[in-house]
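Undergrad: So here's entry_32.cif (mmCIF, C-alpha atoms).
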data_model
loop_
_atom_site.group_PDB
_atom_site.id
_atom_site.type_symbol
_atom_site.label_atom_id
_atom_site.label_comp_id
_atom_site.auth_asym_id
_atom_site.auth_seq_id
_atom_site.Cartn_x
_atom_site.Cartn_y
_atom_site.Cartn_z
ATOM 1 C CA MET A 1 160.767 232.312 73.363
ATOM 2 C CA ASP A 2 161.407 228.576 73.587
ATOM 3 C CA GLN A 3 162.603 227.545 77.024
ATOM 4 C CA LEU A 4 163.205 224.616 79.347
ATOM 5 C CA VAL A 5 162.357 225.701 82.875
ATOM 6 C CA LYS A 6 163.082 223.832 86.104
ATOM 7 C CA ALA A 7 160.768 224.661 88.977
ATOM 8 C CA ILE A 8 160.065 223.440 92.492
ATOM 9 C CA SER A 9 157.565 223.730 95.279
ATOM 10 C CA PRO A 10 159.888 224.468 98.239
ATOM 11 C CA GLU A 11 157.283 223.333 100.757
ATOM 12 C CA THR A 12 156.488 219.949 99.177
ATOM 13 C CA LYS A 13 159.898 219.359 97.479
ATOM 14 C CA ILE A 14 158.125 218.268 94.264
ATOM 15 C CA ARG A 15 160.209 219.025 91.174
ATOM 16 C CA PHE A 16 158.698 220.328 87.946
ATOM 17 C CA ALA A 17 159.943 221.107 84.465
ATOM 18 C CA THR A 18 158.244 222.721 81.492
ATOM 19 C CA ALA A 19 159.329 222.947 77.871
ATOM 20 C CA GLU A 20 158.149 225.279 75.121
ATOM 21 C CA VAL A 21 159.564 224.349 71.681
ATOM 22 C CA THR A 22 157.174 226.066 69.268
ATOM 23 C CA MET A 23 159.712 228.265 67.458
ATOM 24 C CA ALA A 24 162.315 225.499 67.063
ATOM 25 C CA ALA A 25 159.651 223.103 65.808
ATOM 26 C CA LYS A 26 158.373 225.638 63.273
ATOM 27 C CA ALA A 27 161.926 226.216 62.022
ATOM 28 C CA LEU A 28 162.418 222.491 61.466
ATOM 29 C CA GLU A 29 158.960 222.162 59.900
ATOM 30 C CA ALA A 30 159.994 224.714 57.282
ATOM 31 C CA ARG A 31 163.428 223.198 56.686
ATOM 32 C CA HIS A 32 162.055 219.692 56.200
ATOM 33 C CA LEU A 33 159.009 220.858 54.186
ATOM 34 C CA ALA A 34 156.923 218.757 56.566
ATOM 35 C CA GLY A 35 153.182 218.367 56.410
ATOM 36 C CA PRO A 36 151.107 219.191 59.502
ATOM 37 C CA THR A 37 151.103 215.640 60.896
ATOM 38 C CA GLY A 38 154.856 215.231 60.519
ATOM 39 C CA ALA A 39 155.424 218.702 61.972
ATOM 40 C CA MET A 40 153.239 217.879 64.970
ATOM 41 C CA ALA A 41 154.994 214.545 65.550
ATOM 42 C CA LEU A 42 158.397 216.218 65.377
ATOM 43 C CA ALA A 43 157.216 218.937 67.777
ATOM 44 C CA GLU A 44 156.071 216.279 70.258
ATOM 45 C CA GLY A 45 159.486 214.656 69.948
ATOM 46 C CA LEU A 46 161.224 217.970 70.570
ATOM 47 C CA VAL A 47 159.180 218.532 73.725
ATOM 48 C CA ALA A 48 159.965 215.021 74.972
ATOM 49 C CA THR A 49 163.673 215.335 74.225
ATOM 50 C CA ALA A 50 163.919 218.753 75.868
ATOM 51 C CA LEU A 51 162.323 217.349 79.038
ATOM 52 C CA LEU A 52 164.519 214.238 78.908
ATOM 53 C CA SER A 53 167.550 216.560 78.791
ATOM 54 C CA LEU A 54 166.503 218.116 82.101
ATOM 55 C CA ASP A 55 169.743 217.091 83.823
ATOM 56 C CA VAL A 56 172.048 217.500 80.815
ATOM 57 C CA THR A 57 174.484 220.209 81.834
ATOM 58 C CA GLY A 58 177.635 220.499 79.708
ATOM 59 C CA GLU A 59 177.326 222.590 76.553
ATOM 60 C CA GLU A 60 178.712 219.734 74.423
ATOM 61 C CA GLU A 61 176.604 217.104 76.173
ATOM 62 C CA ALA A 62 173.721 215.854 74.045
ATOM 63 C CA LEU A 63 170.656 213.698 74.573
ATOM 64 C CA MET A 64 169.347 211.855 71.530
ATOM 65 C CA LEU A 65 165.944 210.209 71.184
ATOM 66 C CA ARG A 66 165.533 207.584 68.458
ATOM 67 C CA VAL A 67 162.087 206.165 67.768
ATOM 68 C CA ASN A 68 161.050 203.281 65.529
ATOM 69 C CA ALA A 69 157.289 203.358 65.054
ATOM 70 C CA ALA A 70 154.935 200.850 63.462
ATOM 71 C CA GLY A 71 152.748 203.674 62.140
ATOM 72 C CA PRO A 72 153.174 205.387 58.764
ATOM 73 C CA ILE A 73 155.572 208.033 60.092
ATOM 74 C CA GLY A 74 158.118 205.239 60.537
ATOM 75 C CA GLY A 75 160.214 206.845 63.231
ATOM 76 C CA MET A 76 162.086 209.919 64.354
ATOM 77 C CA MET A 77 165.449 211.125 65.604
ATOM 78 C CA VAL A 78 165.684 214.219 67.815
ATOM 79 C CA GLU A 79 168.566 215.728 69.765
ATOM 80 C CA ALA A 80 168.774 218.262 72.592
ATOM 81 C CA MET A 81 172.081 219.858 73.556
ATOM 82 C CA GLY A 82 173.170 221.141 76.933
ATOM 83 C CA ASN A 83 173.480 224.600 75.347
ATOM 84 C CA GLY A 84 169.774 224.551 74.410
ATOM 85 C CA GLY A 85 170.185 223.522 70.784
ATOM 86 C CA LEU A 86 167.424 221.379 69.264
ATOM 87 C CA ARG A 87 167.371 219.496 65.962
ATOM 88 C CA GLY A 88 165.730 216.437 64.455
ATOM 89 C CA PHE A 89 163.617 214.827 61.760
ATOM 90 C CA THR A 90 160.854 212.301 61.210
ATOM 91 C CA ASN A 91 161.350 209.417 58.775
ATOM 92 C CA LYS A 92 158.368 210.574 56.715
ATOM 93 C CA LYS A 93 157.567 214.251 56.367
ATOM 94 C CA ILE A 94 154.363 214.097 54.324
ATOM 95 C CA LEU A 95 151.481 211.777 55.203
ATOM 96 C CA ASN A 96 148.811 212.554 52.644
ATOM 97 C CA GLU A 97 146.156 210.331 54.192
ATOM 98 C CA LEU A 98 146.505 212.143 57.548
ATOM 99 C CA ASP A 99 147.490 215.676 56.508
ATOM 100 C CA THR A 100 144.120 216.294 54.849
ATOM 101 C CA LEU A 101 141.972 215.354 57.842
ATOM 102 C CA ASP A 102 139.891 218.056 59.536
ATOM 103 C CA GLU A 103 141.587 217.336 62.864
ATOM 104 C CA ILE A 104 145.354 216.800 62.861
ATOM 105 C CA SER A 105 146.451 214.069 65.257
ATOM 106 C CA THR A 106 149.578 211.941 65.547
ATOM 107 C CA ASP A 107 147.880 208.866 67.041
ATOM 108 C CA THR A 108 147.649 206.980 63.744
ATOM 109 C CA ALA A 109 151.040 208.290 62.611
ATOM 110 C CA TRP A 110 152.822 206.713 65.572
ATOM 111 C CA GLY A 111 150.908 203.442 65.312
ATOM 112 C CA ALA A 112 150.263 200.824 67.977
ATOM 113 C CA SER A 113 153.816 199.802 68.793
ATOM 114 C CA GLY A 114 157.368 201.058 68.765
ATOM 115 C CA SER A 115 160.825 200.961 70.260
ATOM 116 C CA VAL A 116 162.867 203.796 71.681
ATOM 117 C CA GLN A 117 166.538 204.457 72.331
ATOM 118 C CA ILE A 118 167.684 207.307 74.572
ATOM 119 C CA LEU A 119 171.395 208.138 74.508
ATOM 120 C CA THR A 120 173.319 210.770 76.432
ATOM 121 C CA SER A 121 176.777 211.546 75.076
ATOM 122 C CA VAL A 122 179.669 213.936 74.783
ATOM 123 C CA PRO A 123 181.865 214.022 71.673
ATOM 124 C CA GLY A 124 183.440 210.601 71.283
ATOM 125 C CA LYS A 125 181.789 209.001 74.316
ATOM 126 C CA ILE A 126 178.370 207.601 75.258
ATOM 127 C CA LEU A 127 177.572 208.433 78.884
ATOM 128 C CA ASN A 128 174.285 206.582 79.243
ATOM 129 C CA GLN A 129 171.796 204.705 77.087
ATOM 130 C CA ALA A 130 168.437 203.040 77.506
ATOM 131 C CA SER A 131 166.264 200.958 75.189
ATOM 132 C CA LEU A 132 162.510 200.732 75.697
ATOM 133 C CA ASN A 133 159.501 199.185 74.022
ATOM 134 C CA VAL A 134 156.636 201.659 74.219
ATOM 135 C CA ASN A 135 153.203 200.629 72.952
ATOM 136 C CA PRO A 136 151.900 202.899 71.559
ATOM 137 C CA PRO A 137 155.010 205.070 71.074
ATOM 138 C CA HIS A 138 153.343 208.367 72.001
ATOM 139 C CA MET A 139 155.843 210.832 73.399
ATOM 140 C CA THR A 140 154.009 211.253 76.720
ATOM 141 C CA TYR A 141 154.257 207.490 77.246
ATOM 142 C CA VAL A 142 157.948 207.541 76.307
ATOM 143 C CA LEU A 143 158.635 210.124 79.018
ATOM 144 C CA ALA A 144 156.593 208.259 81.616
ATOM 145 C CA ARG A 145 158.216 204.903 80.895
ATOM 146 C CA TYR A 146 161.750 206.285 80.904
ATOM 147 C CA PHE A 147 161.509 208.215 84.154
ATOM 148 C CA ASN A 148 159.318 205.748 86.062
ATOM 149 C CA HIS A 149 160.892 202.481 84.930
ATOM 150 C CA SER A 150 164.410 203.213 83.716
ATOM 151 C CA MET A 151 165.264 206.007 86.155
ATOM 152 C CA GLN A 152 162.972 204.816 88.990
ATOM 153 C CA VAL A 153 161.758 208.382 89.633
ATOM 154 C CA PRO A 154 157.972 208.702 90.151
ATOM 155 C CA THR A 155 156.977 211.044 87.332
ATOM 156 C CA ALA A 156 153.789 212.412 85.810
ATOM 157 C CA CYS A 157 154.012 214.066 82.412
ATOM 158 C CA GLU A 158 151.942 215.619 79.654
ATOM 159 C CA ILE A 159 152.763 216.829 76.153
ATOM 160 C CA TRP A 160 150.402 219.134 74.293
ATOM 161 C CA ALA A 161 150.798 220.022 70.624
ATOM 162 C CA ARG A 162 148.399 221.449 68.088
ATOM 163 C CA ALA A 163 148.460 221.744 64.301
ATOM 164 C CA ASP A 164 145.979 222.473 61.559
ATOM 165 C CA ALA A 165 146.075 222.301 57.775
ATOM 166 C CA GLY A 166 148.427 225.291 57.760
ATOM 167 C CA GLY A 167 151.005 223.563 59.951
ATOM 168 C CA LEU A 168 152.156 223.518 63.541
ATOM 169 C CA ILE A 169 150.584 225.995 65.940
ATOM 170 C CA ALA A 170 152.318 225.291 69.277
ATOM 171 C CA ALA A 171 153.998 222.547 71.318
ATOM 172 C CA ARG A 172 154.605 222.396 75.079
ATOM 173 C CA GLY A 173 155.071 219.905 77.856
ATOM 174 C CA LEU A 174 155.313 219.523 81.614
ATOM 175 C CA LEU A 175 156.538 216.889 84.039
ATOM 176 C CA ALA A 176 156.311 216.566 87.815
ATOM 177 C CA GLN A 177 158.624 214.362 89.867
ATOM 178 C CA ARG A 178 158.399 213.075 93.425
ATOM 179 C CA MET A 179 161.870 213.096 94.920
ATOM 180 C CA GLU A 180 162.865 211.108 98.017
ATOM 181 C CA ASP A 181 161.992 213.946 100.401
ATOM 182 C CA SER A 182 158.823 215.080 98.589
ATOM 183 C CA ASP A 183 155.403 215.308 100.233
ATOM 184 C CA GLN A 184 153.614 212.151 99.024
ATOM 185 C CA GLU A 185 150.086 213.433 99.697
ATOM 186 C CA ALA A 186 150.802 216.595 97.729
ATOM 187 C CA PHE A 187 152.163 214.493 94.869
ATOM 188 C CA VAL A 188 148.914 212.521 94.770
ATOM 189 C CA ARG A 189 147.056 215.806 94.262
ATOM 190 C CA VAL A 190 149.473 216.659 91.454
ATOM 191 C CA LEU A 191 148.757 213.297 89.811
ATOM 192 C CA GLU A 192 145.025 213.980 89.984
ATOM 193 C CA ALA A 193 145.515 217.244 88.069
ATOM 194 C CA PHE A 194 147.233 215.292 85.290
ATOM 195 C CA GLU A 195 144.509 212.650 85.230
ATOM 196 C CA ASP A 196 141.523 215.010 85.160
ATOM 197 C CA GLY A 197 142.847 217.033 82.214
ATOM 198 C CA ALA A 198 143.640 220.221 84.139
ATOM 199 C CA VAL A 199 147.320 220.087 83.177
ATOM 200 C CA ARG A 200 146.561 219.561 79.500
ATOM 201 C CA LYS A 201 144.137 222.475 79.509
ATOM 202 C CA GLN A 202 146.717 224.777 81.105
ATOM 203 C CA LEU A 203 149.385 223.660 78.620
ATOM 204 C CA SER A 204 147.124 224.781 75.788
ATOM 205 C CA GLU A 205 147.646 228.300 77.123
ATOM 206 C CA THR A 206 151.171 228.452 78.543
ATOM 207 C CA ALA A 207 154.287 226.567 79.573
ATOM 208 C CA ASP A 208 155.092 229.002 82.392
ATOM 209 C CA PRO A 209 155.503 226.690 85.433
ATOM 210 C CA VAL A 210 154.370 229.353 87.897
ATOM 211 C CA ALA A 211 150.983 229.376 86.124
ATOM 212 C CA PHE A 212 150.500 225.772 87.285
ATOM 213 C CA GLY A 213 150.570 226.767 90.951
ATOM 214 C CA ASP A 214 146.787 227.113 91.044
ATOM 215 C CA VAL A 215 146.318 223.899 89.025
ATOM 216 C CA PHE A 216 148.257 221.891 91.614
ATOM 217 C CA GLY A 217 147.252 223.863 94.686
ATOM 218 C CA LEU A 218 150.895 224.851 95.194
ATOM 219 C CA PRO A 219 151.049 228.641 95.583
ATOM 220 C CA ASP A 220 154.783 228.476 96.344
ATOM 221 C CA LEU A 221 155.688 226.953 92.943
ATOM 222 C CA GLU A 222 158.635 228.907 91.570
ATOM 223 C CA ALA A 223 161.033 228.741 88.633
ATOM 224 C CA ARG A 224 164.627 228.016 89.579
ATOM 225 C CA GLU A 225 166.566 227.469 86.340
ATOM 226 C CA ILE A 226 165.863 228.554 82.764
ATOM 227 C CA ARG A 227 167.568 227.217 79.639
ATOM 228 C CA ASP A 228 166.792 229.017 76.393
ATOM 229 C CA LEU A 229 165.998 226.591 73.574
ATOM 230 C CA ALA A 230 166.376 227.150 69.836
ATOM 231 C CA PHE A 231 166.878 225.268 66.596
ATOM 232 C CA GLN A 232 170.570 224.608 66.177
ATOM 233 C CA CYS A 233 172.371 222.001 64.091
ATOM 234 C CA ARG A 234 175.935 220.797 64.614
ATOM 235 C CA CYS A 235 176.409 219.854 60.976
ATOM 236 C CA THR A 236 179.345 221.220 58.995
ATOM 237 C CA LYS A 237 180.424 220.574 55.436
ATOM 238 C CA GLU A 238 183.230 218.322 56.682
ATOM 239 C CA ARG A 239 180.926 216.239 58.903
ATOM 240 C CA THR A 240 178.190 215.954 56.293
ATOM 241 C CA LEU A 241 180.514 215.020 53.430
ATOM 242 C CA ALA A 242 182.021 212.282 55.602
ATOM 243 C CA VAL A 243 179.115 210.125 54.365
ATOM 244 C CA LEU A 244 180.985 209.877 51.044
ATOM 245 C CA LYS A 245 183.578 207.764 52.859
ATOM 246 C CA THR A 246 181.027 204.955 52.726
ATOM 247 C CA LEU A 247 181.546 204.795 48.947
ATOM 248 C CA SER A 248 184.224 202.535 47.521
ATOM 249 C CA ARG A 249 187.357 203.890 45.870
ATOM 250 C CA ASP A 250 186.019 202.747 42.491
ATOM 251 C CA GLU A 251 182.738 204.606 43.034
ATOM 252 C CA LEU A 252 184.544 207.806 44.041
ATOM 253 C CA ASN A 253 186.943 207.540 41.095
ATOM 254 C CA ALA A 254 184.006 207.110 38.712
ATOM 255 C CA LEU A 255 182.404 210.313 40.008
ATOM 256 C CA ILE A 256 185.695 212.181 39.655
ATOM 257 C CA VAL A 257 186.252 210.923 36.091
ATOM 258 C CA ARG A 258 182.742 212.076 35.132
ATOM 259 C CA ASN A 259 183.432 215.391 36.913
ATOM 260 C CA GLU A 260 180.182 214.996 38.892
ATOM 261 C CA SER A 261 179.755 217.006 42.058
ATOM 262 C CA GLN A 262 177.428 215.572 44.704
ATOM 263 C CA ASN A 263 174.825 217.216 46.929
ATOM 264 C CA VAL A 264 174.790 215.756 50.441
ATOM 265 C CA THR A 265 171.973 216.707 52.833
ATOM 266 C CA CYS A 266 172.056 216.719 56.634
ATOM 267 C CA HIS A 267 169.046 214.674 57.759
ATOM 268 C CA MET A 268 168.824 216.587 61.027
ATOM 269 C CA CYS A 269 168.301 220.065 59.609
ATOM 270 C CA GLY A 270 167.871 219.783 55.850
ATOM 271 C CA ASP A 271 170.956 221.836 54.935
ATOM 272 C CA SER A 272 172.737 220.644 51.781
ATOM 273 C CA TYR A 273 176.455 220.767 51.005
ATOM 274 C CA VAL A 274 178.143 220.358 47.615
ATOM 275 C CA ALA A 275 181.000 217.878 47.338
ATOM 276 C CA SER A 276 183.254 218.927 44.460
ATOM 277 C CA THR A 277 185.646 216.589 42.664
ATOM 278 C CA ASP A 278 188.433 218.163 44.747
ATOM 279 C CA ASP A 279 186.525 217.196 47.908
ATOM 280 C CA MET A 280 186.237 213.626 46.619
ATOM 281 C CA ARG A 281 189.957 213.506 45.781
ATOM 282 C CA ALA A 282 190.688 214.598 49.360
ATOM 283 C CA ILE A 283 188.481 211.767 50.657
ATOM 284 C CA LEU A 284 190.365 209.313 48.428
ATOM 285 C CA ASP A 285 193.658 210.564 49.856
ATOM 286 C CA GLN A 286 192.343 209.941 53.387
ATOM 287 C CA MET A 287 191.359 206.401 52.383
ATOM 288 C CA ALA A 288 194.837 205.614 51.042
#
Kindly return the structure encoded in the file as C-alpha cells.
TA:
Amino acid sequence: MDQLVKAISPETKIRFATAEVTMAAKALEARHLAGPTGAMALAEGLVATALLSLDVTGEEEALMLRVNAAGPIGGMMVEAMGNGGLRGFTNKKILNELDTLDEISTDTAWGASGSVQILTSVPGKILNQASLNVNPPHMTYVLARYFNHSMQVPTACEIWARADAGGLIAARGLLAQRMEDSDQEAFVRVLEAFEDGAVRKQLSETADPVAFGDVFGLPDLEAREIRDLAFQCRCTKERTLAVLKTLSRDELNALIVRNESQNVTCHMCGDSYVASTDDMRAILDQMA
C-alpha cells in the first residue's frame, strides 16, 4: 500500500517521514502510456510531492510541484492532496533515446538546470508559494533546497526509484529533519547515513520508517501518523470542458455548425471527456 508516514525518535526529537508511491505511479504510468524513463521521472516527482505535503492537513488542501527542466523530459506537474490523492504528468512521456538503454536513469532526462514552483492551496486561494532554481533539477535536490533554504529547516533527504525496460518497479523516499529541540550530535549521525549510501540501500527494500532505526542507530524510532496515498484525480467533465471557454465565439459557432463534438483530455490523469454540440451551446450561453 502507498503511504506517507510521519515518524520520530522521541529521545533525540529528530523528525522523519517516508513515502511509498509505487502503486499510484504505476497507475499514472499506464494512464499516460509512459515509457520507463518518463514513468521513473514521474514516480520521483510523486515521492517528492508526497514528502513536501508532509504538513498539508485539510482534505481539500493541495500541494502542487511544477518543474521546468532543460533536459528532454521538459518538465512535470504533480499534485498531492491532504486526503492522500496523487496525480500528475511529465511533459514528455516517451523518450526513445533513453527508454532503450540497458540501465534506466532520469539524470539525462532532467538535464543540467531547471526551475521549480511549489504551491500550497485550497479551492480558490493560494496559501503559500515558493520559486526555486535547482541545478540539476533532480527531485532529491528539490526537496533539500526547499526545506533547507526556503523553510530554513535542516533536512536530509533521499529518493529511490527503479525502472527497467518493462516500466516502473518501485519508488520511495525518506527525509529527516532537525527541529529546534533535536539532538544535534544524533542528527550528524543521521546525515552520515545519508552520505554513505546506507539510507539509499534501505530504501531499495522498504519505506517502513521503523526499519531505519538500525540504519540511524535510533532504536526508539517509531511511526506516529500514517496517510494512505493513492492515485486520485479531481477532474470532472465540467472542469475539463472549461478549456473550451478559451475558444472564441466564432470558433465555437463553427464547431456547432459542423456538428463536431470535441474530445478534451485531462493532462493530470489522461481521462478524456466528449464535448457535444449541446455542451458547446451551453458554453456560448455562459459567454453571453
Undergrad: With all atoms listed in the file counted and 7 Å as the cut-off, give the residues of range 107-155 of chain A in contact with range 50-64 of chain A, each with its shortest interatomic distance in Å and the pair that gives it, as CSV.
TA:
residue,atom,partner,partner_atom,distance
A:Ile118,CA,A:Met64,CA,5.7
A:Leu119,CA,A:Met64,CA,5.2
A:Thr120,CA,A:Leu63,CA,4.4
A:Ser121,CA,A:Ala62,CA,5.4
A:Val122,CA,A:Glu61,CA,4.6
Undergrad: With the PyMOL selection byres ((chain A and resi 29-32) around 10) as the selection, what would be picked from this file? Answer as a VMD selection string, please.
TA: chain A and resid 23 to 28 33 to 36 38 to 40 42 to 43 88 to 90 92 to 94 167 to 168 267 to 271
Undergrad: Can you measure CA of Ala48 in chain A to CA of Ala19 in chain A for me? One decimal in Å is fine.
TA: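 Atom-to-atom, CA of Ala48 in chain A to CA of Ala19 in chain A, that is 8.5 Å.
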Undergrad: Using the chain letters and numbers from the file, which residues does the PyMOL selection byres ((chain A and resi 137) around 9) grab, as a PDB file with C-alpha atoms, keeping the file's coordinate frame?
TA:
ATOM      1  CA  VAL A  67     162.087 206.165  67.768  1.00  0.00           C
ATOM      2  CA  ASN A  68     161.050 203.281  65.529  1.00  0.00           C
ATOM      3  CA  ALA A  69     157.289 203.358  65.054  1.00  0.00           C
ATOM      4  CA  ALA A  70     154.935 200.850  63.462  1.00  0.00           C
ATOM      5  CA  TRP A 110     152.822 206.713  65.572  1.00  0.00           C
ATOM      6  CA  GLY A 111     150.908 203.442  65.312  1.00  0.00           C
ATOM      7  CA  ALA A 112     150.263 200.824  67.977  1.00  0.00           C
ATOM      8  CA  SER A 113     153.816 199.802  68.793  1.00  0.00           C
ATOM      9  CA  GLY A 114     157.368 201.058  68.765  1.00  0.00           C
ATOM     10  CA  SER A 115     160.825 200.961  70.260  1.00  0.00           C
ATOM     11  CA  VAL A 116     162.867 203.796  71.681  1.00  0.00           C
ATOM     12  CA  ASN A 133     159.501 199.185  74.022  1.00  0.00           C
ATOM     13  CA  VAL A 134     156.636 201.659  74.219  1.00  0.00           C
ATOM     14  CA  ASN A 135     153.203 200.629  72.952  1.00  0.00           C
ATOM     15  CA  PRO A 136     151.900 202.899  71.559  1.00  0.00           C
ATOM     16  CA  HIS A 138     153.343 208.367  72.001  1.00  0.00           C
ATOM     17  CA  MET A 139     155.843 210.832  73.399  1.00  0.00           C
ATOM     18  CA  THR A 140     154.009 211.253  76.720  1.00  0.00           C
ATOM     19  CA  TYR A 141     154.257 207.490  77.246  1.00  0.00           C
ATOM     20  CA  VAL A 142     157.948 207.541  76.307  1.00  0.00           C
TER      21      VAL A 142
END
Undergrad: Please write the residues picked by the PyMOL selection byres ((chain A and resi 102) around 8) on this file as an MDAnalysis selection string.
TA: chainID A and resid 100:101 103:104 164:165
Undergrad: Rounded to one decimal, what separation in Å do you get between CA of Gln202 in chain A and CA of Arg162 in chain A?
TA: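 Going from CA of Gln202 in chain A over to CA of Arg162 in chain A covers 13.5 Å.
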Undergrad: From the list A:Glu251, A:Ala7, A:Pro209, A:Ala163, which residue is nearest Met280 in chain A when using all atoms listed in the file?
TA: A:Glu251
Undergrad: Leu229 in chain A: which residues within 7 Å, counting all atoms listed in the file, same-chain residues fewer than 4 positions away excluded, as a list of chain:residue names?
TA: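 The contact residues come out as A:Asp2, A:Gln3, A:Leu4, A:Gly84, A:Gly85, A:Leu86.
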Undergrad: Selection from above, C-alpha atoms, as a PDB file, in the frame of the given file, can you write it?
TA:
ATOM      1  CA  ASP A   2     161.407 228.576  73.587  1.00  0.00           C
ATOM      2  CA  GLN A   3     162.603 227.545  77.024  1.00  0.00           C
ATOM      3  CA  LEU A   4     163.205 224.616  79.347  1.00  0.00           C
ATOM      4  CA  GLY A  84     169.774 224.551  74.410  1.00  0.00           C
ATOM      5  CA  GLY A  85     170.185 223.522  70.784  1.00  0.00           C
ATOM      6  CA  LEU A  86     167.424 221.379  69.264  1.00  0.00           C
TER       7      LEU A  86
END
Undergrad: Would you list the contacts of range 213-226 of chain A as a ChimeraX atom specification, taking every protein, DNA or RNA residue within 6 Å and counting only C-alpha atoms, but skipping same-chain residues closer than 6 positions in sequence?
TA: /A:4-9,190
Undergrad: Store the residues picked out above in a file with C-alpha atoms, as an mmCIF file, in the frame of the given file.
TA:
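So out.cif came out as:
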data_model
loop_
_atom_site.group_PDB
_atom_site.id
_atom_site.type_symbol
_atom_site.label_atom_id
_atom_site.label_comp_id
_atom_site.auth_asym_id
_atom_site.auth_seq_id
_atom_site.Cartn_x
_atom_site.Cartn_y
_atom_site.Cartn_z
ATOM 1 C CA LEU A 4 163.205 224.616 79.347
ATOM 2 C CA VAL A 5 162.357 225.701 82.875
ATOM 3 C CA LYS A 6 163.082 223.832 86.104
ATOM 4 C CA ALA A 7 160.768 224.661 88.977
ATOM 5 C CA ILE A 8 160.065 223.440 92.492
ATOM 6 C CA SER A 9 157.565 223.730 95.279
ATOM 7 C CA VAL A 190 149.473 216.659 91.454
#
Undergrad: Work out how far apart CA of His149 in chain A and CA of Ile73 in chain A are and give it in Å to one decimal.
TA: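 Straight-line distance from CA of His149 in chain A to CA of Ile73 in chain A works out to 26.0 Å.
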Undergrad: Of the candidates A:Ala41, A:Leu241, A:Ile14, A:Leu127, which shows the shortest atom-to-atom distance to Asn91 in chain A, using all atoms listed in the file?
TA: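 Using all atoms listed in the file, Asn91 in chain A sits closest to A:Ala41.
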Undergrad: So which one's closest to Asn83 in chain A, A:Asp285, A:Phe231, A:Phe212, A:Ala275? Using all atoms listed in the file, please.
TA: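 For Asn83 in chain A, the nearest of the candidates is A:Phe231.
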Undergrad: Show which residues sit within 12 Å of Asp181 in chain A, as a count of residues only. Count all atoms listed in the file, and ignore same-chain residues fewer than 2 positions away.
TA: 15
Undergrad: Ranking A:Asn148, A:Gln262, A:Ser131, A:Thr37 by minimum distance to Thr106 in chain A and counting only C-alpha atoms, which one comes first?
TA: A:Thr37
Undergrad: Do a neighbour search on Val264 in chain A at 12 Å with all atoms listed in the file, toss out local chain neighbours closer than 3 positions, and write the hits as a PDB file with C-alpha atoms, in the frame of the given file.
TA:
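Output saved as out-v2.pdb:
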ATOM      1  CA  CYS A 235     176.409 219.854  60.976  1.00  0.00           C
ATOM      2  CA  THR A 236     179.345 221.220  58.995  1.00  0.00           C
ATOM      3  CA  LYS A 237     180.424 220.574  55.436  1.00  0.00           C
ATOM      4  CA  GLU A 238     183.230 218.322  56.682  1.00  0.00           C
ATOM      5  CA  ARG A 239     180.926 216.239  58.903  1.00  0.00           C
ATOM      6  CA  THR A 240     178.190 215.954  56.293  1.00  0.00           C
ATOM      7  CA  LEU A 241     180.514 215.020  53.430  1.00  0.00           C
ATOM      8  CA  ALA A 242     182.021 212.282  55.602  1.00  0.00           C
ATOM      9  CA  VAL A 243     179.115 210.125  54.365  1.00  0.00           C
ATOM     10  CA  LEU A 244     180.985 209.877  51.044  1.00  0.00           C
ATOM     11  CA  SER A 261     179.755 217.006  42.058  1.00  0.00           C
ATOM     12  CA  HIS A 267     169.046 214.674  57.759  1.00  0.00           C
ATOM     13  CA  GLY A 270     167.871 219.783  55.850  1.00  0.00           C
ATOM     14  CA  ASP A 271     170.956 221.836  54.935  1.00  0.00           C
ATOM     15  CA  SER A 272     172.737 220.644  51.781  1.00  0.00           C
ATOM     16  CA  TYR A 273     176.455 220.767  51.005  1.00  0.00           C
ATOM     17  CA  VAL A 274     178.143 220.358  47.615  1.00  0.00           C
ATOM     18  CA  ALA A 275     181.000 217.878  47.338  1.00  0.00           C
ATOM     19  CA  SER A 276     183.254 218.927  44.460  1.00  0.00           C
TER      20      SER A 276
END
Undergrad: Pick the closest to Glu158 in chain A from A:Val199, A:Leu191, A:Ala171, A:Ala282: which is it, counting all atoms listed in the file?
TA: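 For Glu158 in chain A, the nearest of the candidates is A:Val199.
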Undergrad: With a distance cut-off of 7 Å and all atoms listed in the file, select the neighbouring residues of Thr49 in chain A, excluding the residue or stretch itself and same-chain residues fewer than 2 positions from it, and output the selection as a list in words.
TA: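 Residues meeting the cut-off are Gly45, Leu46, Val47, Leu51, Leu52, Ser53, Leu65, Val78, Glu79 and Ala80 of chain A.
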Undergrad: Taking all atoms listed in the file into account, which of A:Ala156, A:Ala161, A:Ile169, A:Leu252 comes nearest Ile283 in chain A?
TA: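 When distances to Ile283 in chain A are compared using all atoms listed in the file, the smallest one comes from A:Leu252.
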Undergrad: Only C-alpha atoms, please: range 80-99 of chain A from the block, as a PDB file, in the first residue's frame.
TA:
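Okay, this is what ended up in decode.pdb:
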ATOM      1  CA  ALA A  80      -0.634  15.775  -3.585  1.00  0.00           C
ATOM      2  CA  MET A  81      -3.877  16.287  -1.680  1.00  0.00           C
ATOM      3  CA  GLY A  82      -4.420  16.359   2.053  1.00  0.00           C
ATOM      4  CA  ASN A  83      -6.696  13.324   1.625  1.00  0.00           C
ATOM      5  CA  GLY A  84      -3.807  11.311   0.137  1.00  0.00           C
ATOM      6  CA  GLY A  85      -4.719  11.746  -3.516  1.00  0.00           C
ATOM      7  CA  LEU A  86      -1.847  11.875  -6.019  1.00  0.00           C
ATOM      8  CA  ARG A  87      -1.889  12.850  -9.693  1.00  0.00           C
ATOM      9  CA  GLY A  88       0.454  14.322 -12.275  1.00  0.00           C
ATOM     10  CA  PHE A  89       2.204  14.125 -15.625  1.00  0.00           C
ATOM     11  CA  THR A  90       5.525  14.746 -17.325  1.00  0.00           C
ATOM     12  CA  ASN A  91       5.719  16.997 -20.390  1.00  0.00           C
ATOM     13  CA  LYS A  92       7.131  14.139 -22.466  1.00  0.00           C
ATOM     14  CA  LYS A  93       6.047  10.573 -21.840  1.00  0.00           C
ATOM     15  CA  ILE A  94       8.245   8.709 -24.321  1.00  0.00           C
ATOM     16  CA  LEU A  95      11.981   9.348 -24.633  1.00  0.00           C
ATOM     17  CA  ASN A  96      13.160   6.880 -27.242  1.00  0.00           C
ATOM     18  CA  GLU A  97      16.849   7.672 -26.859  1.00  0.00           C
ATOM     19  CA  LEU A  98      16.689   6.917 -23.108  1.00  0.00           C
ATOM     20  CA  ASP A  99      13.962   4.260 -22.892  1.00  0.00           C
TER      21      ASP A  99
END
